[in-house]
file data32.txt (compact mmCIF, C-alpha atoms)
# COMPACT_ATOMS: atom_id res chain seq x y z
CA MET V 912 0.00 0.00 0.00
CA THR V 913 1.12 3.51 -0.72
CA THR V 914 1.05 6.08 2.03
CA THR V 915 -0.66 9.29 0.96
CA ILE V 916 -0.61 12.28 3.26
CA TYR V 917 -1.09 16.00 3.08
CA HIS V 918 1.86 18.35 3.23
CA ALA V 919 1.64 22.09 3.73
CA ASN V 920 1.55 22.73 -0.02
CA ASP V 921 -0.92 20.00 -0.93
CA ALA V 922 -4.28 21.00 -2.36
CA ILE V 923 -7.27 20.27 -0.17
CA PRO V 924 -9.86 18.10 -1.98
CA GLU V 925 -12.21 20.55 -3.64
CA HIS V 926 -15.21 21.50 -1.52
CA PHE V 927 -14.48 18.73 1.02
CA ALA V 928 -16.06 20.60 3.94
CA THR V 929 -18.86 22.03 1.79
CA ARG V 930 -19.92 18.61 0.57
CA LEU V 931 -19.76 17.20 4.07
CA LEU V 932 -21.82 20.02 5.60
CA THR V 933 -24.42 19.82 2.82
CA TRP V 934 -24.82 16.12 3.52
CA PHE V 935 -25.02 16.76 7.25
CA GLU V 936 -27.86 19.23 6.88
CA GLN V 937 -29.99 16.62 5.15
CA TYR V 938 -28.83 13.30 6.56
CA GLY V 939 -27.00 14.03 9.80
CA ARG V 940 -28.34 13.60 13.31
CA HIS V 941 -29.96 16.75 14.67
CA ASP V 942 -32.04 15.62 17.65
CA LEU V 943 -29.47 14.36 20.15
CA PRO V 944 -29.81 16.13 23.53
CA TRP V 945 -26.20 17.36 23.51
CA GLN V 946 -26.42 18.96 20.06
CA PHE V 947 -26.70 22.75 19.94
CA HIS V 948 -25.72 23.55 16.35
CA HIS V 949 -29.34 24.49 15.60
CA LYS V 950 -29.67 26.74 18.66
CA GLN V 951 -28.55 30.28 19.46
CA THR V 952 -26.34 29.22 22.35
CA ALA V 953 -24.64 26.02 23.47
CA ASP V 954 -24.34 24.43 26.90
CA ILE V 955 -20.59 23.91 27.19
CA TYR V 956 -20.95 21.67 30.21
CA ALA V 957 -23.43 19.40 28.40
CA VAL V 958 -21.15 19.15 25.36
CA TRP V 959 -18.24 18.21 27.61
CA LEU V 960 -20.31 15.60 29.48
CA SER V 961 -21.50 14.04 26.23
CA GLU V 962 -17.97 13.84 24.82
CA ILE V 963 -16.77 11.97 27.91
CA MET V 964 -19.75 9.60 27.92
CA LEU V 965 -19.42 8.86 24.21
CA GLN V 966 -15.81 7.70 24.49
CA GLN V 967 -15.89 4.02 23.53
CA THR V 968 -19.67 3.95 24.07
CA GLN V 969 -22.53 3.94 21.56
CA VAL V 970 -25.02 6.82 21.31
CA ALA V 971 -27.98 4.55 22.09
CA THR V 972 -26.36 3.49 25.35
CA VAL V 973 -25.41 7.03 26.39
CA LEU V 974 -28.80 8.68 25.89
CA GLY V 975 -30.46 7.58 29.12
CA TYR V 976 -27.34 8.07 31.21
CA PHE V 977 -26.79 11.57 29.84
CA GLU V 978 -30.27 12.77 30.70
CA ARG V 979 -30.25 11.27 34.20
CA PHE V 980 -26.81 12.69 34.92
CA LEU V 981 -27.79 16.20 33.82
CA GLU V 982 -30.98 16.03 35.83
CA GLN V 983 -29.03 15.23 38.99
CA PHE V 984 -26.08 17.54 38.24
CA PRO V 985 -27.39 20.28 35.92
CA THR V 986 -24.30 22.50 36.22
CA VAL V 987 -20.57 22.00 36.50
CA GLN V 988 -20.72 23.55 39.97
CA ALA V 989 -23.27 20.95 41.08
CA LEU V 990 -20.99 18.17 39.87
CA ALA V 991 -17.90 19.74 41.41
CA THR V 992 -19.45 19.91 44.88
CA ALA V 993 -21.04 16.44 44.76
CA GLN V 994 -19.65 13.53 46.73
CA TRP V 995 -18.28 10.58 44.78
CA GLN V 996 -20.89 8.28 46.30
CA GLN V 997 -23.60 10.48 44.76
CA ILE V 998 -21.98 10.34 41.33
CA ALA V 999 -21.00 6.68 40.96
CA PRO V 1000 -24.58 5.30 40.88
CA LEU V 1001 -25.43 7.50 37.88
CA TRP V 1002 -22.57 5.92 35.92
CA ALA V 1003 -23.27 2.37 37.02
CA GLY V 1004 -23.38 0.05 34.01
CA LEU V 1005 -21.84 2.57 31.58
CA GLY V 1006 -18.37 1.15 32.08
CA TYR V 1007 -14.88 2.67 31.80
CA TYR V 1008 -15.29 4.22 35.22
CA ALA V 1009 -12.01 6.15 35.04
CA ARG V 1010 -13.92 8.54 32.76
CA VAL V 1011 -16.32 9.65 35.47
CA ARG V 1012 -13.60 9.90 38.10
CA ASN V 1013 -11.68 12.20 35.76
CA LEU V 1014 -14.88 14.10 34.96
CA HIS V 1015 -15.47 14.72 38.66
CA ALA V 1016 -11.91 15.95 39.16
CA GLY V 1017 -12.18 18.07 36.01
CA ALA V 1018 -15.43 19.62 37.21
CA LYS V 1019 -13.64 20.90 40.30
CA GLN V 1020 -10.96 22.45 38.07
CA VAL V 1021 -13.48 24.08 35.74
CA ALA V 1022 -15.65 25.37 38.58
CA GLN V 1023 -12.58 27.04 40.05
CA PHE V 1024 -11.64 28.44 36.62
CA ILE V 1025 -15.12 29.94 36.25
CA LYS V 1026 -14.89 31.43 39.73
CA GLU V 1027 -11.60 33.11 38.81
CA HIS V 1028 -12.33 34.11 35.21
CA GLY V 1029 -16.12 34.37 35.03
CA ASP V 1030 -16.58 31.83 32.25
CA PHE V 1031 -15.65 28.36 31.03
CA PRO V 1032 -12.22 27.79 29.48
CA GLN V 1033 -12.33 29.15 25.94
CA SER V 1034 -9.33 27.65 24.16
CA VAL V 1035 -8.21 24.15 23.27
CA GLU V 1036 -5.07 24.68 25.32
CA GLN V 1037 -7.08 25.62 28.41
CA TRP V 1038 -9.37 22.62 28.05
CA GLN V 1039 -6.42 20.26 27.70
CA GLU V 1040 -5.40 21.31 31.20
CA VAL V 1041 -8.65 19.79 32.51
CA LYS V 1042 -8.42 16.27 33.94
CA GLY V 1043 -9.54 13.64 31.43
CA VAL V 1044 -9.75 16.01 28.45
CA GLY V 1045 -7.42 15.09 25.61
CA ARG V 1046 -6.67 16.93 22.42
CA SER V 1047 -9.65 15.71 20.39
CA THR V 1048 -12.12 16.14 23.25
CA ALA V 1049 -10.82 19.65 23.83
CA GLY V 1050 -11.29 20.43 20.14
CA ALA V 1051 -14.85 19.11 20.22
CA ILE V 1052 -15.75 21.17 23.30
CA VAL V 1053 -14.34 24.35 21.79
CA ALA V 1054 -15.93 23.74 18.38
CA MET V 1055 -19.39 22.64 19.55
CA GLY V 1056 -19.63 24.23 22.99
CA VAL V 1057 -17.52 27.38 23.03
CA ARG V 1058 -18.13 27.83 19.27
CA GLY V 1059 -14.57 28.75 18.53
CA PHE V 1060 -12.21 27.01 16.14
CA GLY V 1061 -11.67 23.45 17.27
CA VAL V 1062 -10.35 20.37 15.48
CA ILE V 1063 -11.31 16.79 16.29
CA CYS V 1064 -9.43 13.67 15.33
CA ASP V 1065 -11.05 10.81 17.21
CA GLY V 1066 -11.44 7.22 16.07
CA ASN V 1067 -14.28 7.94 13.65
CA VAL V 1068 -12.41 10.83 12.05
CA LYS V 1069 -9.21 8.84 11.73
CA ARG V 1070 -11.09 6.06 9.94
CA VAL V 1071 -12.57 8.55 7.46
CA LEU V 1072 -9.26 10.27 6.79
CA THR V 1073 -7.11 7.17 6.44
CA ARG V 1074 -9.53 5.75 3.90
CA HIS V 1075 -10.00 9.01 2.02
CA ARG V 1076 -6.25 9.53 1.58
CA LYS V 1077 -5.08 5.89 1.85
CA ILE V 1078 -2.87 6.62 4.81
CA ALA V 1079 -1.18 3.30 5.49
CA GLY V 1080 0.80 4.13 8.60
CA ASP V 1081 -0.15 2.56 11.92
CA ILE V 1082 -2.55 5.04 13.53
CA ASN V 1083 -1.16 4.15 16.95
CA LYS V 1084 2.27 5.44 15.93
CA SER V 1085 3.09 9.06 16.75
CA ALA V 1086 4.26 9.84 13.21
CA THR V 1087 0.96 8.75 11.66
CA ASP V 1088 -1.02 10.47 14.39
CA LYS V 1089 0.81 13.72 13.69
CA LYS V 1090 0.03 13.47 9.97
CA LEU V 1091 -3.65 12.77 10.65
CA TRP V 1092 -3.88 15.80 12.93
CA GLN V 1093 -2.25 17.97 10.24
CA LEU V 1094 -4.79 16.70 7.73
CA ALA V 1095 -7.72 17.15 10.12
CA GLU V 1096 -6.70 20.73 10.83
CA ALA V 1097 -6.25 21.52 7.11
CA LEU V 1098 -9.72 20.19 6.30
CA THR V 1099 -11.60 21.85 9.18
CA PRO V 1100 -13.20 25.13 8.09
CA LYS V 1101 -12.50 28.24 10.16
CA GLN V 1102 -16.23 28.92 10.22
CA ASP V 1103 -18.71 26.32 11.39
CA SER V 1104 -16.05 24.04 12.83
CA GLY V 1105 -18.69 22.85 15.30
CA LYS V 1106 -21.06 21.69 12.57
CA TYR V 1107 -18.12 20.21 10.71
CA ALA V 1108 -17.11 18.25 13.82
CA GLN V 1109 -20.67 16.93 14.19
CA ALA V 1110 -20.72 16.02 10.50
CA MET V 1111 -17.42 14.13 10.65
CA MET V 1112 -18.57 12.16 13.69
CA ASP V 1113 -21.87 11.33 11.99
CA LEU V 1114 -20.13 10.30 8.79
CA GLY V 1115 -17.87 7.91 10.67
CA ALA V 1116 -20.69 6.55 12.81
CA THR V 1117 -23.30 6.02 10.09
CA ILE V 1118 -21.57 5.86 6.67
CA CYS V 1119 -17.82 5.21 6.96
CA THR V 1120 -18.32 2.43 9.47
CA ARG V 1121 -15.67 -0.04 10.55
CA THR V 1122 -17.28 -2.88 8.60
CA LYS V 1123 -19.68 -2.65 5.65
CA PRO V 1124 -19.17 1.07 4.90
CA LYS V 1125 -21.96 2.63 2.80
CA CYS V 1126 -19.58 4.21 0.30
CA GLN V 1127 -22.25 4.79 -2.35
CA LEU V 1128 -23.96 7.19 0.08
CA CYS V 1129 -20.80 9.03 1.12
CA PRO V 1130 -20.66 12.76 0.28
CA ILE V 1131 -16.87 12.65 -0.10
CA GLY V 1132 -16.70 9.29 -1.87
CA ALA V 1133 -15.96 10.81 -5.29
CA ASP V 1134 -12.31 11.43 -4.36
CA CYS V 1135 -11.85 8.74 -1.71
CA LEU V 1136 -8.72 6.81 -2.68
CA ALA V 1137 -9.66 3.67 -0.77
CA TYR V 1138 -13.11 3.56 -2.38
CA ALA V 1139 -11.55 3.99 -5.80
CA THR V 1140 -9.36 0.95 -5.25
CA ASP V 1141 -11.92 -1.09 -3.29
CA SER V 1142 -9.57 -1.20 -0.30
CA GLN V 1143 -11.72 0.47 2.36
CA LEU V 1144 -11.36 -2.36 4.86
CA ASP V 1145 -7.56 -2.11 4.71
CA TYR V 1146 -7.80 1.15 6.63
CA PRO V 1147 -7.11 2.29 9.22
CA VAL V 1148 -3.95 0.31 9.81
CA LYS V 1149 -3.57 -0.60 13.45
CA THR V 1150 -1.15 -2.91 15.20
CA LYS V 1151 -2.99 -5.80 16.75
CA PRO V 1152 -3.00 -5.28 20.52
CA LYS V 1153 -1.56 -7.84 22.89
CA PRO V 1154 -4.14 -10.34 24.15
CA LYS V 1155 -5.83 -9.32 27.37
CA PRO V 1156 -5.19 -11.53 30.39
CA HIS V 1157 -8.00 -13.56 31.93
CA ARG V 1158 -9.13 -13.52 35.55
CA HIS V 1159 -11.60 -15.81 37.27
CA SER V 1160 -13.66 -15.06 40.37
CA ILE V 1161 -16.50 -16.52 42.38
CA VAL V 1162 -19.41 -14.16 42.97
CA LEU V 1163 -21.35 -15.19 46.05
CA ARG V 1164 -25.11 -14.64 46.07
CA LEU V 1165 -25.55 -15.01 49.82
CA SER V 1166 -29.17 -14.94 50.94
CA PHE V 1167 -31.02 -15.07 54.23
CA GLN V 1168 -34.67 -15.87 53.65
CA SER V 1169 -35.38 -13.62 50.63
CA GLN V 1170 -32.70 -11.00 51.36
CA VAL V 1171 -29.41 -10.88 49.44
CA LEU V 1172 -26.13 -9.47 50.78
CA TRP V 1173 -24.64 -6.50 48.90
CA LEU V 1174 -21.30 -4.88 49.70
CA HIS V 1175 -20.44 -1.29 48.84
CA ARG V 1176 -17.08 -1.26 47.07
CA GLN V 1177 -14.64 1.39 48.24
CA ASN V 1178 -11.27 0.79 46.65
CA GLY V 1179 -9.84 4.24 46.02
CA GLY V 1180 -10.97 4.64 42.44
CA GLY V 1181 -10.39 1.03 41.42
CA ILE V 1182 -12.78 -1.25 39.58
CA TRP V 1183 -16.42 -0.56 40.47
CA ASP V 1184 -15.50 1.89 43.23
CA GLY V 1185 -18.67 3.42 44.69
CA LEU V 1186 -20.96 0.69 43.35
CA TRP V 1187 -22.74 -2.21 45.05
CA CYS V 1188 -21.53 -5.72 44.36
CA LEU V 1189 -22.03 -9.26 45.53
CA PRO V 1190 -19.01 -10.56 47.48
CA LEU V 1191 -16.08 -11.72 45.34
CA LEU V 1192 -13.52 -14.48 45.78
CA HIS V 1193 -10.64 -14.61 43.29
CA LEU V 1194 -9.37 -17.89 41.83
CA SER V 1195 -5.79 -18.71 40.82
CA TYR V 1196 -6.89 -20.02 37.41
CA GLN V 1197 -5.85 -17.71 34.54
CA ALA V 1198 -6.64 -19.55 31.30
CA ASP V 1199 -8.98 -18.35 28.54
CA GLU V 1200 -11.53 -21.13 28.86
CA PRO V 1201 -14.04 -21.14 31.75
CA LEU V 1202 -13.56 -23.68 34.49
CA SER V 1203 -15.77 -26.73 34.30
CA ASP V 1204 -14.62 -30.07 35.77
CA ASN V 1205 -11.90 -28.50 37.91
CA PHE V 1206 -14.02 -25.67 39.27
CA ALA V 1207 -14.56 -27.28 42.69
CA ASN V 1208 -10.82 -27.80 43.20
CA TYR V 1209 -9.90 -24.20 42.38
CA ALA V 1210 -12.83 -22.87 44.41
CA MET V 1211 -11.97 -24.95 47.48
CA GLN V 1212 -8.34 -23.87 47.32
CA ALA V 1213 -9.32 -20.21 47.15
CA TRP V 1214 -11.93 -20.61 49.89
CA HIS V 1215 -9.29 -21.83 52.34
CA GLU V 1216 -6.21 -19.85 51.24
CA GLN V 1217 -7.74 -16.39 51.02
CA SER V 1218 -8.88 -14.46 54.06
CA GLY V 1219 -12.54 -14.64 53.26
CA LEU V 1220 -14.40 -12.81 50.53
CA ASP V 1221 -13.80 -9.19 49.54
CA GLY V 1222 -11.46 -8.66 52.48
CA GLY V 1223 -13.92 -10.04 55.00
CA MET V 1224 -14.05 -13.36 56.80
CA LEU V 1225 -17.10 -14.76 55.05
CA GLY V 1226 -15.17 -17.82 54.02
CA GLU V 1227 -14.71 -18.76 57.67
CA ILE V 1228 -18.42 -18.40 58.43
CA VAL V 1229 -19.99 -19.82 55.27
CA ASP V 1230 -19.34 -23.31 53.97
CA MET V 1231 -18.57 -23.58 50.28
CA PRO V 1232 -21.65 -24.98 48.50
CA ASP V 1233 -21.35 -28.44 47.02
CA CYS V 1234 -22.91 -27.49 43.68
CA PRO V 1235 -21.84 -26.04 40.34
CA PRO V 1236 -22.21 -22.30 39.62
CA SER V 1237 -25.76 -21.25 38.82
CA ARG V 1238 -24.49 -18.81 36.22
CA ILE V 1239 -21.16 -18.15 34.45
CA ILE V 1240 -20.38 -15.04 32.41
CA ARG V 1241 -17.35 -13.51 30.74
CA HIS V 1242 -17.18 -9.76 31.27
CA THR V 1243 -14.58 -7.74 29.34
CA LEU V 1244 -13.02 -4.71 30.98
CA THR V 1245 -10.40 -2.30 29.65
CA HIS V 1246 -7.38 -4.35 30.67
CA PHE V 1247 -8.61 -7.93 31.13
CA HIS V 1248 -11.37 -10.47 30.58
CA TRP V 1249 -13.17 -11.44 33.78
CA HIS V 1250 -14.83 -14.85 34.11
CA LEU V 1251 -17.40 -14.73 36.91
CA TYR V 1252 -19.03 -17.76 38.55
CA ARG V 1253 -22.15 -17.20 40.62
CA LEU V 1254 -22.62 -19.44 43.61
CA ASP V 1255 -25.93 -19.30 45.48
CA VAL V 1256 -25.83 -19.94 49.23
CA GLN V 1257 -28.70 -19.89 51.70
CA ILE V 1258 -27.79 -19.21 55.34
CA ASP V 1259 -29.61 -19.58 58.63
CA ALA V 1260 -30.28 -16.98 61.31
CA GLU V 1261 -27.14 -17.83 63.28
CA LYS V 1262 -24.82 -17.25 60.32
CA PHE V 1263 -26.81 -14.14 59.38
CA CYS V 1264 -26.01 -12.63 62.78
CA GLN V 1265 -22.36 -13.71 62.60
CA ILE V 1266 -21.89 -12.09 59.20
CA ASN V 1267 -23.51 -8.83 60.30
CA GLN V 1268 -21.30 -8.70 63.39
CA MET V 1269 -18.20 -9.31 61.28
CA LEU V 1270 -19.09 -6.67 58.67
CA ASP V 1271 -19.95 -4.12 61.37
CA ALA V 1272 -16.65 -4.76 63.11
CA MET V 1273 -14.79 -4.19 59.86
CA GLY V 1274 -16.67 -0.97 59.16
CA LEU V 1275 -17.90 -2.18 55.78
CA GLN V 1276 -21.02 -0.71 54.23
CA TYR V 1277 -23.51 -3.46 53.38
CA GLN V 1278 -27.20 -4.13 52.84
CA TRP V 1279 -29.46 -7.16 52.86
CA LEU V 1280 -32.10 -6.48 50.24
CA VAL V 1281 -35.05 -8.03 48.49
CA GLY V 1282 -34.71 -7.07 44.83
CA ASP V 1283 -31.72 -5.40 43.22
CA LYS V 1284 -32.38 -1.69 42.79
CA LEU V 1285 -28.92 -0.64 43.95
CA ALA V 1286 -26.42 1.05 41.64
CA LYS V 1287 -24.25 -1.80 40.45
CA PRO V 1288 -21.93 -2.63 37.54
CA ALA V 1289 -23.26 -4.28 34.41
CA ALA V 1290 -21.57 -7.56 35.29
CA MET V 1291 -23.68 -7.89 38.43
CA VAL V 1292 -26.83 -7.28 36.41
CA LYS V 1293 -25.87 -10.02 33.96
CA LEU V 1294 -25.02 -12.42 36.76
CA LEU V 1295 -28.43 -11.99 38.34
CA HIS V 1296 -30.30 -12.84 35.17
CA GLN V 1297 -31.86 -16.26 35.17
CA ALA V 1298 -29.35 -18.85 34.10
CA SER V 1299 -29.86 -19.95 30.52
call {"tool": "encode", "arguments": {"input": "data32.txt", "output": "structure tokens"}}
result
Amino acid sequence: MTTTIYHANDAIPEHFATRLLTWFEQYGRHDLPWQFHHKQTADIYAVWLSEIMLQQTQVATVLGYFERFLEQFPTVQALATAQWQQIAPLWAGLGYYARVRNLHAGAKQVAQFIKEHGDFPQSVEQWQEVKGVGRSTAGAIVAMGVRGFGVICDGNVKRVLTRHRKIAGDINKSATDKKLWQLAEALTPKQDSGKYAQAMMDLGATICTRTKPKCQLCPIGADCLAYATDSQLDYPVKTKPKPKPHRHSIVLRLSFQSQVLWLHRQNGGGIWDGLWCLPLLHLSYQADEPLSDNFANYAMQAWHEQSGLDGGMLGEIVDMPDCPPSRIIRHTLTHFHWHLYRLDVQIDAEKFCQINQMLDAMGLQYQWLVGDKLAKPAAMVKLLHQAS
């Protein structure tokens, strides 16, 4: 493949932005709650929130979360002064929880900036100083929120540009990334960069998709080099990531009568911090395949070698059930695949009292509940579904 990039003296494809914006007016998305291109003013905070939520997450998934989050924290000041335990439940199930921790820290920065300067940060450089806001996110906020000149070059945009110009360099390499940013900046119009940003994101999300791109409907397909050579799926070029490791854990559904034990995770910003989970017990097994015949051996070893479940002493109070897991799922997180095995255990009144005394002594926050209305990670929701 031949690498084609823009240099300072290269001609921009004729009417690239004009064609894109014309298409956007007719076929783009105009009714998303964080879009303000059709309004007199924009809510910078809402644009910022949407950009963080949409990182690695589909629009359909974000919609409900976005509206609930804004209802609870309608301003950046409200978010900045909120306690983490108030925020975490509103993100439960959305995943990639580092995003919301950074958002909370960033809200404190921005609230202080507004207090000192009377307004939100106005430049890309200022926004990049905010926790969790990278270069592309900063460009999107400035373009669509502040309504200044901002350039975006996220995953969707990189896919469009590498195909349009047949850029064969690995997009994870700094040299290729630099070239893509130069191209993105050259193509972004000085006026209407916010609409242009929306249009590029829509084009990547609905037309120039990762698989099965709808090239015949593309407004810039006439001079797309990959389309001309039927090589769209060769781009973007990306080094295959290293395989994620696998972890295996028992999830204990411990019930007294019809009440189930839930523990509130507080692990300093770690996985599922601030959410409610069933007790966990980690196994030494690390292979890709789920445990089957050898499950009891690994479980028994962990039951005796570890100091209870989730830092407690539940393992010393509760006998390991002599039955297979009632449900097994594989849940993929950012850095590893997690195989979770649900074990259901009924306890009597004596053990119920012993467990409560132990948890109280440890200062852990817990609840015995009928139903599962607590804010919990998606994995817990999947585990509680009826076994198939």
call {"tool": "closest_residue", "arguments": {"input": "data32.txt", "among": "V:Gln1168, V:Gly1006, V:Gly1181, V:Ser1237", "to": "Asp1259 of chain V", "atoms": "all atoms listed in the file"}}
result
V:Gln1168
call {"tool": "residues_near_point", "arguments": {"input": "data32.txt", "point": "(-7.7, 1.7, 5.7)", "cutoff": "10 Å", "atoms": "all atoms listed in the file", "output": "list of chain:residue names"}}
result
V:Met912, V:Lys1069, V:Arg1070, V:Val1071, V:Leu1072, V:Thr1073, V:Arg1074, V:His1075, V:Arg1076, V:Lys1077, V:Ile1078, V:Ala1079, V:Gly1080, V:Asp1081, V:Ile1082, V:Arg1121, V:Leu1136, V:Ala1137, V:Tyr1138, V:Ser1142, V:Gln1143, V:Leu1144, V:Asp1145, V:Tyr1146, V:Pro1147, V:Val1148, V:Lys1149
call {"tool": "write_last_selection", "arguments": {"input": "data32.txt", "atoms": "C-alpha atoms", "output": "mmCIF file, in the frame of the given file"}}
result
data_model
loop_
_atom_site.group_PDB
_atom_site.id
_atom_site.type_symbol
_atom_site.label_atom_id
_atom_site.label_comp_id
_atom_site.auth_asym_id
_atom_site.auth_seq_id
_atom_site.Cartn_x
_atom_site.Cartn_y
_atom_site.Cartn_z
ATOM 1 C CA MET V 912 0.000 0.000 0.000
ATOM 2 C CA LYS V 1069 -9.210 8.840 11.730
ATOM 3 C CA ARG V 1070 -11.090 6.060 9.940
ATOM 4 C CA VAL V 1071 -12.570 8.550 7.460
ATOM 5 C CA LEU V 1072 -9.260 10.270 6.790
ATOM 6 C CA THR V 1073 -7.110 7.170 6.440
ATOM 7 C CA ARG V 1074 -9.530 5.750 3.900
ATOM 8 C CA HIS V 1075 -10.000 9.010 2.020
ATOM 9 C CA ARG V 1076 -6.250 9.530 1.580
ATOM 10 C CA LYS V 1077 -5.080 5.890 1.850
ATOM 11 C CA ILE V 1078 -2.870 6.620 4.810
ATOM 12 C CA ALA V 1079 -1.180 3.300 5.490
ATOM 13 C CA GLY V 1080 0.800 4.130 8.600
ATOM 14 C CA ASP V 1081 -0.150 2.560 11.920
ATOM 15 C CA ILE V 1082 -2.550 5.040 13.530
ATOM 16 C CA ARG V 1121 -15.670 -0.040 10.550
ATOM 17 C CA LEU V 1136 -8.720 6.810 -2.680
ATOM 18 C CA ALA V 1137 -9.660 3.670 -0.770
ATOM 19 C CA TYR V 1138 -13.110 3.560 -2.380
ATOM 20 C CA SER V 1142 -9.570 -1.200 -0.300
ATOM 21 C CA GLN V 1143 -11.720 0.470 2.360
ATOM 22 C CA LEU V 1144 -11.360 -2.360 4.860
ATOM 23 C CA ASP V 1145 -7.560 -2.110 4.710
ATOM 24 C CA TYR V 1146 -7.800 1.150 6.630
ATOM 25 C CA PRO V 1147 -7.110 2.290 9.220
ATOM 26 C CA VAL V 1148 -3.950 0.310 9.810
ATOM 27 C CA LYS V 1149 -3.570 -0.600 13.450
#
call {"tool": "residues_near_point", "arguments": {"input": "data32.txt", "point": "(-21.3, 20.9, 27.1)", "cutoff": "12 Å", "atoms": "all atoms listed in the file", "output": "VMD selection string"}}
result
chain V and resid 944 to 948 952 to 964 977 981 985 to 987 1018 1031 to 1032 1048 to 1049 1051 to 1058
call {"tool": "write_last_selection", "arguments": {"input": "data32.txt", "atoms": "C-alpha atoms", "output": "PDB file, in the frame of the given file"}}
result
ATOM      1  CA  PRO V 944     -29.810  16.130  23.530  1.00  0.00           C
ATOM      2  CA  TRP V 945     -26.200  17.360  23.510  1.00  0.00           C
ATOM      3  CA  GLN V 946     -26.420  18.960  20.060  1.00  0.00           C
ATOM      4  CA  PHE V 947     -26.700  22.750  19.940  1.00  0.00           C
ATOM      5  CA  HIS V 948     -25.720  23.550  16.350  1.00  0.00           C
ATOM      6  CA  THR V 952     -26.340  29.220  22.350  1.00  0.00           C
ATOM      7  CA  ALA V 953     -24.640  26.020  23.470  1.00  0.00           C
ATOM      8  CA  ASP V 954     -24.340  24.430  26.900  1.00  0.00           C
ATOM      9  CA  ILE V 955     -20.590  23.910  27.190  1.00  0.00           C
ATOM     10  CA  TYR V 956     -20.950  21.670  30.210  1.00  0.00           C
ATOM     11  CA  ALA V 957     -23.430  19.400  28.400  1.00  0.00           C
ATOM     12  CA  VAL V 958     -21.150  19.150  25.360  1.00  0.00           C
ATOM     13  CA  TRP V 959     -18.240  18.210  27.610  1.00  0.00           C
ATOM     14  CA  LEU V 960     -20.310  15.600  29.480  1.00  0.00           C
ATOM     15  CA  SER V 961     -21.500  14.040  26.230  1.00  0.00           C
ATOM     16  CA  GLU V 962     -17.970  13.840  24.820  1.00  0.00           C
ATOM     17  CA  ILE V 963     -16.770  11.970  27.910  1.00  0.00           C
ATOM     18  CA  MET V 964     -19.750   9.600  27.920  1.00  0.00           C
ATOM     19  CA  PHE V 977     -26.790  11.570  29.840  1.00  0.00           C
ATOM     20  CA  LEU V 981     -27.790  16.200  33.820  1.00  0.00           C
ATOM     21  CA  PRO V 985     -27.390  20.280  35.920  1.00  0.00           C
ATOM     22  CA  THR V 986     -24.300  22.500  36.220  1.00  0.00           C
ATOM     23  CA  VAL V 987     -20.570  22.000  36.500  1.00  0.00           C
ATOM     24  CA  ALA V1018     -15.430  19.620  37.210  1.00  0.00           C
ATOM     25  CA  PHE V1031     -15.650  28.360  31.030  1.00  0.00           C
ATOM     26  CA  PRO V1032     -12.220  27.790  29.480  1.00  0.00           C
ATOM     27  CA  THR V1048     -12.120  16.140  23.250  1.00  0.00           C
ATOM     28  CA  ALA V1049     -10.820  19.650  23.830  1.00  0.00           C
ATOM     29  CA  ALA V1051     -14.850  19.110  20.220  1.00  0.00           C
ATOM     30  CA  ILE V1052     -15.750  21.170  23.300  1.00  0.00           C
ATOM     31  CA  VAL V1053     -14.340  24.350  21.790  1.00  0.00           C
ATOM     32  CA  ALA V1054     -15.930  23.740  18.380  1.00  0.00           C
ATOM     33  CA  MET V1055     -19.390  22.640  19.550  1.00  0.00           C
ATOM     34  CA  GLY V1056     -19.630  24.230  22.990  1.00  0.00           C
ATOM     35  CA  VAL V1057     -17.520  27.380  23.030  1.00  0.00           C
ATOM     36  CA  ARG V1058     -18.130  27.830  19.270  1.00  0.00           C
TER      37      ARG V1058
END
call {"tool": "residues_around", "arguments": {"input": "data32.txt", "residues": "Ala1260 of chain V", "least_positions_apart": "2", "cutoff": "12 Å", "atoms": "all atoms listed in the file", "output": "list of chain:residue names"}}
result
V:Ser1166, V:Phe1167, V:Gln1168, V:Gln1170, V:Gln1257, V:Ile1258, V:Lys1262, V:Phe1263, V:Cys1264, V:Gln1265, V:Ile1266, V:Asn1267
call {"tool": "atom_distance", "arguments": {"input": "data32.txt", "atom1": "atom CA of Val1229 of chain V", "atom2": "atom CA of Pro1190 of chain V"}}
result
12.1 Å
call {"tool": "residues_around", "arguments": {"input": "data32.txt", "residues": "Ala1286 of chain V", "least_positions_apart": "2", "cutoff": "8 Å", "atoms": "only C-alpha atoms", "output": "number ranges by chain"}}
result
V: 999-1001, 1003, 1186-1187, 1284, 1288
call {"tool": "residues_around", "arguments": {"input": "data32.txt", "residues": "Trp1214 of chain V", "least_positions_apart": "5", "cutoff": "12 Å", "atoms": "all atoms listed in the file", "output": "ChimeraX atom specification"}}
result
/V:1160-1161,1163,1191-1195,1206-1209,1219-1221,1223-1232
call {"tool": "residues_around", "arguments": {"input": "data32.txt", "residues": "Lys1123 of chain V", "least_positions_apart": "4", "cutoff": "12 Å", "atoms": "all atoms listed in the file", "output": "list in words"}}
result
Gly1115, Ala1116, Thr1117, Ile1118, Cys1119, Gln1127, Asp1141, Ser1142, Gln1143 and Leu1144 of chain V
call {"tool": "residues_around", "arguments": {"input": "data32.txt", "residues": "segment 1038-1047 of chain V", "least_positions_apart": "5", "cutoff": "10 Å", "atoms": "only C-alpha atoms", "output": "PyMOL selection string"}}
result
chain V and resi 959+962-963+1009-1021+1031-1033+1052-1053+1061-1066+1092
call {"tool": "atom_distance", "arguments": {"input": "data32.txt", "atom1": "atom CA of Arg1158 of chain V", "atom2": "atom CA of Val1292 of chain V"}}
result
18.8 Å
